[in-house]
Every structure is written in C-alpha cells, then in structure tokens.
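Below: start_7.cif (mmCIF, C-alpha atoms)
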```cif
data_work
loop_
_atom_site.label_atom_id
_atom_site.label_comp_id
_atom_site.auth_asym_id
_atom_site.auth_seq_id
_atom_site.Cartn_x
_atom_site.Cartn_y
_atom_site.Cartn_z
CA MET A 14 0.00 0.00 0.00
CA THR A 15 2.92 2.34 0.76
CA ALA A 16 4.36 1.72 -2.70
CA PHE A 17 0.96 2.46 -4.23
CA VAL A 18 0.67 5.78 -2.39
CA HIS A 19 4.22 6.72 -3.36
CA ASN A 20 3.55 6.05 -7.05
CA ALA A 21 -0.06 7.24 -6.99
CA PRO A 22 0.18 9.67 -9.96
CA ALA A 23 1.69 6.95 -12.15
CA HIS A 24 -1.02 4.47 -11.11
CA TYR A 25 -3.76 6.99 -11.82
CA ALA A 26 -2.30 7.82 -15.23
CA ARG A 27 -1.85 4.14 -16.11
CA ALA A 28 -5.41 3.32 -15.07
CA LEU A 29 -6.84 6.26 -17.03
CA GLY A 30 -4.86 5.30 -20.13
CA GLY A 31 -5.94 1.68 -19.86
CA ILE A 32 -9.65 2.47 -19.45
CA VAL A 33 -9.71 5.05 -22.23
CA GLY A 34 -7.61 2.85 -24.52
CA ARG A 35 -9.90 -0.13 -23.95
CA GLU A 36 -13.00 1.91 -24.81
CA VAL A 37 -11.40 3.38 -27.94
CA LEU A 38 -10.26 -0.06 -29.10
CA ARG A 39 -13.72 -1.45 -28.52
CA PHE A 40 -15.16 1.39 -30.57
CA VAL A 41 -12.64 0.85 -33.40
CA HIS A 42 -13.42 -2.86 -33.57
CA GLN A 43 -17.19 -2.27 -33.55
CA ARG A 44 -17.63 -0.49 -36.86
CA GLU A 45 -21.36 -1.07 -36.83
CA ARG A 46 -21.52 1.04 -33.66
CA PHE A 47 -19.93 3.96 -35.50
CA LEU A 48 -22.22 3.57 -38.50
CA SER A 49 -25.35 3.27 -36.38
CA ALA A 50 -24.35 6.42 -34.49
CA LEU A 51 -24.33 8.32 -37.80
CA VAL A 52 -27.39 6.74 -39.41
CA ARG A 53 -29.86 8.16 -36.88
CA PRO A 54 -28.90 11.86 -37.12
CA LEU A 55 -28.28 11.69 -40.86
CA LEU A 56 -31.74 10.19 -41.38
CA TRP A 57 -33.25 13.15 -39.54
CA LEU A 58 -31.08 15.60 -41.48
CA PHE A 59 -31.65 14.17 -44.97
CA VAL A 60 -35.24 12.92 -44.71
CA PHE A 61 -37.25 14.43 -41.87
CA ALA A 62 -35.72 17.91 -42.09
CA ALA A 63 -36.49 18.04 -45.81
CA GLY A 64 -40.11 17.15 -45.11
CA PHE A 65 -40.49 19.60 -42.23
CA ARG A 66 -38.75 22.47 -44.01
CA ALA A 67 -41.92 23.90 -45.54
CA ALA A 68 -44.08 23.34 -42.47
CA LEU A 69 -41.64 24.64 -39.87
CA GLY A 70 -40.18 28.03 -40.58
CA ILE A 71 -37.63 29.12 -38.00
CA ALA A 72 -37.79 32.80 -37.04
CA ILE A 73 -34.81 34.77 -35.85
CA THR A 74 -33.77 33.28 -32.52
CA PRO A 75 -30.44 33.39 -30.66
CA PRO A 76 -27.70 32.58 -31.48
CA TYR A 77 -28.82 33.02 -35.12
CA GLU A 78 -28.94 36.57 -36.44
CA THR A 79 -31.21 35.93 -39.42
CA TYR A 80 -33.84 33.49 -40.63
CA ILE A 81 -32.40 30.02 -41.05
CA PRO A 82 -33.39 26.78 -42.81
CA TYR A 83 -34.72 24.04 -40.57
CA GLU A 84 -31.65 21.89 -41.32
CA VAL A 85 -29.40 24.55 -39.78
CA TYR A 86 -31.48 24.60 -36.61
CA ILE A 87 -31.54 20.87 -35.97
CA VAL A 88 -27.84 20.10 -36.57
CA PRO A 89 -26.82 21.03 -32.96
CA GLY A 90 -29.75 18.98 -31.68
CA LEU A 91 -28.68 16.00 -33.77
CA ALA A 92 -25.13 16.38 -32.44
CA GLY A 93 -26.68 16.12 -28.98
CA MET A 94 -28.58 13.04 -30.15
CA VAL A 95 -25.28 11.39 -31.08
CA GLN A 96 -23.97 12.01 -27.58
CA LEU A 97 -27.20 10.88 -25.94
CA PHE A 98 -27.21 7.54 -27.74
CA ASN A 99 -23.49 7.08 -27.16
CA GLY A 100 -23.90 7.75 -23.44
CA MET A 101 -26.55 5.06 -23.23
CA GLN A 102 -24.50 2.70 -25.39
CA SER A 103 -21.45 3.13 -23.16
CA SER A 104 -23.57 2.45 -20.10
CA LEU A 105 -25.01 -0.63 -21.78
CA SER A 106 -21.46 -1.92 -22.13
CA MET A 107 -20.98 -1.29 -18.40
CA VAL A 108 -23.96 -3.51 -17.62
CA TYR A 109 -22.48 -6.16 -19.91
CA ASP A 110 -19.08 -5.86 -18.22
CA ARG A 111 -20.75 -6.16 -14.85
CA GLU A 112 -22.53 -9.37 -15.86
CA MET A 113 -19.26 -10.79 -17.21
CA GLY A 114 -17.39 -9.84 -14.02
CA SER A 115 -14.86 -7.39 -15.48
CA MET A 116 -16.60 -4.36 -13.96
CA ARG A 117 -16.50 -5.95 -10.51
CA MET A 118 -12.76 -6.54 -10.89
CA LEU A 119 -12.28 -2.89 -11.89
CA LEU A 120 -14.21 -1.53 -8.93
CA VAL A 121 -12.26 -3.54 -6.33
CA SER A 122 -8.94 -2.05 -7.45
CA PRO A 123 -7.05 0.22 -4.96
CA LEU A 124 -8.00 3.32 -6.94
CA PRO A 125 -10.98 5.38 -5.72
CA ARG A 126 -14.29 4.38 -7.23
CA TRP A 127 -15.09 7.95 -8.27
CA PHE A 128 -11.87 8.05 -10.29
CA LEU A 129 -12.58 4.76 -12.05
CA LEU A 130 -16.11 5.80 -12.96
CA THR A 131 -14.92 9.23 -14.11
CA ALA A 132 -12.24 7.60 -16.27
CA LYS A 133 -14.91 5.37 -17.81
CA LEU A 134 -17.03 8.45 -18.37
CA LEU A 135 -14.15 10.33 -20.03
CA ALA A 136 -13.54 7.38 -22.34
CA GLY A 137 -17.16 7.31 -23.48
CA THR A 138 -17.18 11.09 -23.95
CA ALA A 139 -14.06 10.93 -26.12
CA VAL A 140 -15.76 8.39 -28.38
CA SER A 141 -18.91 10.50 -28.59
CA ILE A 142 -16.93 13.58 -29.63
CA LEU A 143 -15.34 11.63 -32.49
CA GLN A 144 -18.81 10.60 -33.62
CA VAL A 145 -20.13 14.17 -33.42
CA TYR A 146 -17.30 15.56 -35.52
CA ALA A 147 -17.88 12.84 -38.11
CA PHE A 148 -21.55 13.87 -38.24
CA LEU A 149 -20.66 17.57 -38.50
CA ALA A 150 -18.30 16.77 -41.38
CA VAL A 151 -21.10 15.04 -43.29
CA ALA A 152 -23.45 17.93 -42.53
CA TRP A 153 -20.80 20.35 -43.87
CA VAL A 154 -20.61 18.42 -47.13
CA TYR A 155 -24.41 18.42 -47.27
CA GLY A 156 -24.38 22.22 -47.04
CA VAL A 157 -25.17 22.88 -43.37
CA GLN A 158 -22.11 24.87 -42.38
CA ALA A 159 -21.34 26.74 -39.18
CA PRO A 160 -18.58 29.37 -38.92
CA PRO A 161 -15.21 27.60 -39.33
CA LEU A 162 -14.04 28.72 -35.88
CA GLY A 163 -17.26 27.29 -34.43
CA TYR A 164 -15.95 23.77 -34.94
CA VAL A 165 -13.19 24.64 -32.47
CA THR A 166 -15.25 26.58 -29.94
CA VAL A 167 -17.85 23.79 -29.81
CA LEU A 168 -15.31 21.30 -28.43
CA PRO A 169 -15.56 22.40 -24.75
CA ALA A 170 -19.35 22.33 -25.04
CA LEU A 171 -19.20 18.78 -26.44
CA VAL A 172 -16.99 17.73 -23.53
CA VAL A 173 -19.41 19.08 -20.92
CA SER A 174 -22.54 17.78 -22.66
CA GLY A 175 -20.95 14.40 -23.35
CA LEU A 176 -19.95 14.02 -19.71
CA MET A 177 -23.43 14.96 -18.52
CA LEU A 178 -25.24 12.55 -20.85
CA GLY A 179 -22.74 9.79 -20.14
CA ALA A 180 -23.23 10.33 -16.40
CA LEU A 181 -26.98 9.99 -16.90
CA GLY A 182 -26.49 6.63 -18.58
CA MET A 183 -24.05 5.57 -15.87
CA LEU A 184 -26.59 6.47 -13.18
CA LEU A 185 -29.19 4.29 -14.91
CA SER A 186 -26.73 1.41 -15.26
CA SER A 187 -25.99 1.54 -11.52
CA ALA A 188 -29.64 0.87 -10.75
CA ILE A 189 -30.28 -1.90 -13.30
CA ARG A 190 -28.73 -5.32 -12.88
CA GLN A 191 -29.69 -7.20 -16.05
CA LEU A 192 -28.73 -6.42 -19.62
CA GLU A 193 -32.22 -7.04 -21.00
CA ASN A 194 -33.82 -4.66 -18.49
CA PHE A 195 -31.36 -1.87 -19.30
CA ALA A 196 -32.01 -2.17 -23.03
CA GLY A 197 -35.72 -1.67 -22.36
CA VAL A 198 -35.20 1.26 -20.00
CA MET A 199 -33.04 2.99 -22.63
CA ASN A 200 -36.08 3.42 -24.88
CA PHE A 201 -38.11 4.96 -22.05
CA VAL A 202 -35.31 7.44 -21.36
CA ILE A 203 -33.88 8.28 -24.78
CA PHE A 204 -37.03 9.11 -26.72
CA PRO A 205 -38.80 11.34 -24.14
CA THR A 206 -35.47 13.03 -23.43
CA PHE A 207 -34.90 13.72 -27.12
CA PHE A 208 -38.39 14.72 -28.21
CA LEU A 209 -39.15 16.84 -25.12
CA SER A 210 -36.20 19.13 -25.81
CA THR A 211 -35.07 21.97 -28.04
CA ALA A 212 -33.28 19.55 -30.37
CA LEU A 213 -36.05 19.65 -33.00
CA TYR A 214 -38.08 22.75 -32.12
CA PRO A 215 -37.27 26.06 -30.40
CA LEU A 216 -38.80 26.74 -27.01
CA TRP A 217 -41.21 29.36 -28.32
CA LYS A 218 -42.79 26.81 -30.65
CA MET A 219 -43.22 24.38 -27.76
CA GLN A 220 -44.84 27.18 -25.74
CA GLU A 221 -47.31 27.75 -28.58
CA ALA A 222 -48.16 24.03 -28.47
CA GLY A 223 -48.80 24.03 -24.72
CA GLU A 224 -47.50 25.37 -21.43
CA LEU A 225 -46.81 21.89 -20.05
CA LEU A 226 -44.63 20.97 -23.04
CA TYR A 227 -42.79 24.27 -22.63
CA VAL A 228 -42.03 23.57 -18.97
CA LEU A 229 -40.90 20.00 -19.67
CA CYS A 230 -38.58 21.16 -22.44
CA THR A 231 -37.17 23.93 -20.26
CA VAL A 232 -36.28 21.68 -17.31
CA ASN A 233 -34.97 18.86 -19.52
CA PRO A 234 -31.16 18.69 -19.02
CA PHE A 235 -30.80 17.55 -22.62
CA SER A 236 -32.32 20.85 -23.79
CA GLN A 237 -29.62 22.71 -21.86
CA ALA A 238 -26.90 20.54 -23.40
CA VAL A 239 -28.28 21.15 -26.90
CA GLU A 240 -28.41 24.92 -26.36
CA LEU A 241 -24.87 24.86 -25.02
CA ILE A 242 -23.72 23.11 -28.22
CA ARG A 243 -25.83 25.39 -30.43
CA PHE A 244 -24.41 28.62 -29.01
CA ALA A 245 -20.83 27.33 -28.96
CA LEU A 246 -21.08 26.23 -32.59
CA TYR A 247 -21.97 29.81 -33.49
CA LEU A 248 -19.23 31.45 -31.42
CA ASP A 249 -21.35 32.33 -28.40
CA VAL A 250 -21.66 31.15 -24.81
CA ASN A 251 -24.97 30.33 -23.17
CA LEU A 252 -24.08 30.73 -19.50
CA PRO A 253 -27.43 29.52 -18.07
CA ALA A 254 -27.23 26.38 -20.23
CA LEU A 255 -23.64 25.83 -19.11
CA GLY A 256 -24.58 26.19 -15.46
CA TRP A 257 -27.53 23.81 -15.67
CA THR A 258 -25.55 21.25 -17.65
CA VAL A 259 -22.69 21.28 -15.14
CA LEU A 260 -25.21 20.99 -12.28
CA ALA A 261 -26.89 18.01 -13.95
CA LEU A 262 -23.47 16.43 -14.50
CA ALA A 263 -22.63 16.76 -10.80
CA VAL A 264 -25.98 15.27 -9.74
CA PHE A 265 -25.86 12.35 -12.20
CA LEU A 266 -22.22 11.50 -11.52
CA GLY A 267 -22.71 11.76 -7.77
CA GLY A 268 -25.70 9.42 -8.02
CA ALA A 269 -23.71 6.97 -10.15
CA VAL A 270 -20.81 6.91 -7.66
CA TYR A 271 -23.29 6.26 -4.88
CA GLY A 272 -25.06 3.58 -6.93
CA TYR A 273 -21.83 1.73 -7.60
CA ASN A 274 -20.92 1.73 -3.91
CA PRO A 275 -20.60 -1.97 -2.94
CA ALA A 276 -22.19 -1.30 0.44
CA ARG A 277 -25.25 0.58 -0.83
CA GLY A 278 -25.38 0.21 -4.61
CA PHE A 279 -26.02 -2.64 -7.03
CA LEU A 280 -23.53 -5.04 -5.38
CA ALA A 281 -25.38 -4.80 -2.07
CA ARG A 282 -28.78 -5.23 -3.73
CA LYS A 283 -27.58 -8.22 -5.74
CA ALA A 284 -26.07 -9.86 -2.68
CA GLY A 285 -29.28 -9.27 -0.76
CA GLY A 286 -31.34 -10.79 -3.56
CA GLU A 287 -29.20 -13.89 -3.63
#
```
Go through the file and emit its structure as structure tokens.
Amino acid sequence: MTAFVHNAPAHYARALGGIVGREVLRFVHQRERFLSALVRPLLWLFVFAAGFRAALGIAITPPYETYIPYEVYIVPGLAGMVQLFNGMQSSLSMVYDREMGSMRMLLVSPLPRWFLLTAKLLAGTAVSILQVYAFLAVAWVYGVQAPPLGYVTVLPALVVSGLMLGALGMLLSSAIRQLENFAGVMNFVIFPTFFLSTALYPLWKMQEAGELLYVLCTVNPFSQAVELIRFALYLDVNLPALGWTVLALAVFLGGAVYGYNPARGFLARKAGGE
C-alpha cells in the first residue's frame, strides 16, 4: 500500500490510459456502432428535415442573427442526439461488463471508485466527440455549415454535454442489474429526453403548443446541453445552459458513484437478492 501511495500519480495515469484505450479499441473494432451512431442523425437531417422544411419556418432566434433553414437549426440537436445515444451505449457496455465480471474486478482495485467511474465516463465522452465531428463533417458536405471557428469553440461544449449525458447513462446502469432490463429502459429514457427538448423545435414553438410541453422542455437537461452546443457552434456562450448542464453532470455523476458503492449500490442489492 505504501508503494501504491508513493507512485499514486503513475497508477492513476496508467489506469486512465488503460480504461480510455480499452474503450477506444472497442469502438474501433465495432464499426457497426460507428455507422449506427451516424445513421440516426443523418436520417433526420436528410429525410425528416427536408419534409419539415416547408411546415416549420424558423424565425430569428439566438444565437442566429437571421432566418435560417430548418436543417441549420436541428444540426446542434442532432449532435446532442449522437452524444445521448453514445452515453446510453457506453452504459449498456458497463452492464455487460458487470454481468461478465470485469466491472467488478475494476471496482475492487485500490483506486478510488469515483476516479474509475470518471475515467470510464471520459472514455465514453471521447468516443462520442469523435462521432459528433464525423456527423458535423457530413453535414458540412451536405451544405449545413457553421462558422469555421465554431468547430473549435464547440469542443468544450461537447466535452461538458458528453460528460453529462454519459453520467446519466451511468446512473441508470448503476440501478439496473440485467442487460435485458437496461435495453428496455433505454427506450423509455432516450425518446422522451430527445423529443421533449429543443433539439427539434425552439422553445417558443413548444410554448405555442402548450404550457406543459414548454415547462418540460425547459427543465430537460438535454435541452440545456443542446443549447450549449448550439451557441458554442456559433461562437457564443450560453451561460445559463452551461450552469444547468454542469449541475446536472454533478448530480448524475454523484448518483452513479453512490449507486456503484458496494455497500449501498447494485452489489449490495444483488447480494441481498441472492
């Protein structure tokens, strides 16, 4: 234990590199995962946006300074969709690892549990950012182009939003023991989270549809993440969205760390059930 404490920075760095490297390698070897991550947003961009273009005119709304095509509006929301699905996919792999025993071996290592879970979260976020930039590149070729500098300024926003959405998936995985159950819960979380947000429609349109929808979209953490991405992509900062996204990240990650506590989390519940 003394040797571990003495070489703690090296152990932390080695563990972080191993966890991130394992997730990246898994992503590289699962090409269908990469393709499926792009199919969903591209389908919305190429098919649904074209159909909604005539029916849904987008008025001038921040951060845009003029009237915009519907495709321009939904690209930040579809980037958020990529991160939402990736966060759930990464958490699905955690449930799988837990059933196979590798997650249990990871959590009993001498390193703090919060560090191990954060490293896993960083690995999933890194993969989601690669997927988002691939989607933005296709959108650029399609003709939906943000300011060139926006593709740089959006990176911090993608990090924060990716961490928050990954932490949400991690929190869900800490409460669900079986792979089949988690796959079902994903559908009940992903679709309401996506559709009750500003990813597809601005808040003022939701308010016209109904006050309840407006409130749900406003308090939805995914809406805040999408607005954070949207403003950053157009060289602006949405401070309220940043604050709410960081707050949601802290709550979700704190809940996940608690849920993976062997004394109170899923290990204790599983042991009690057996």
- the PyMOL selection byres ((chain A and resi 100) around 10) on the file shown: which residues, as an MDAnalysis selection string? chainID A and resid 94:99 101:105 134 137:138 140:141 175:183
Given 8 Å of margin on each side, can you work out the centre and size in Å (one decimal) of an axis-aligned box holding every listed atom of segment 235-246 of chain A, as AutoDock Vina command-line options?
```
--center_x -26.6 --center_y 23.1 --center_z -27.2 --size_x 27.5 --size_y 27.1 --size_z 26.7
```
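From atom CA of Leu51 of chain A back to atom CA of Ala152 of chain A, the distance works out to 10.7 Å.
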(request) Excluding Glu84 of chain A and any residue of its chain fewer than 2 positions from it, enumerate the residues within 7 Å of it, using all atoms listed in the file, and give them as a ChimeraX atom specification. (result) /A:58,62,82,86-88,157
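Residues lying within 6 Å of Ser187 of chain A, counting all atoms listed in the file and ignoring same-chain neighbours fewer than 2 positions away, are Leu184, Leu185, Ile189, Gly272 and Tyr273 of chain A.
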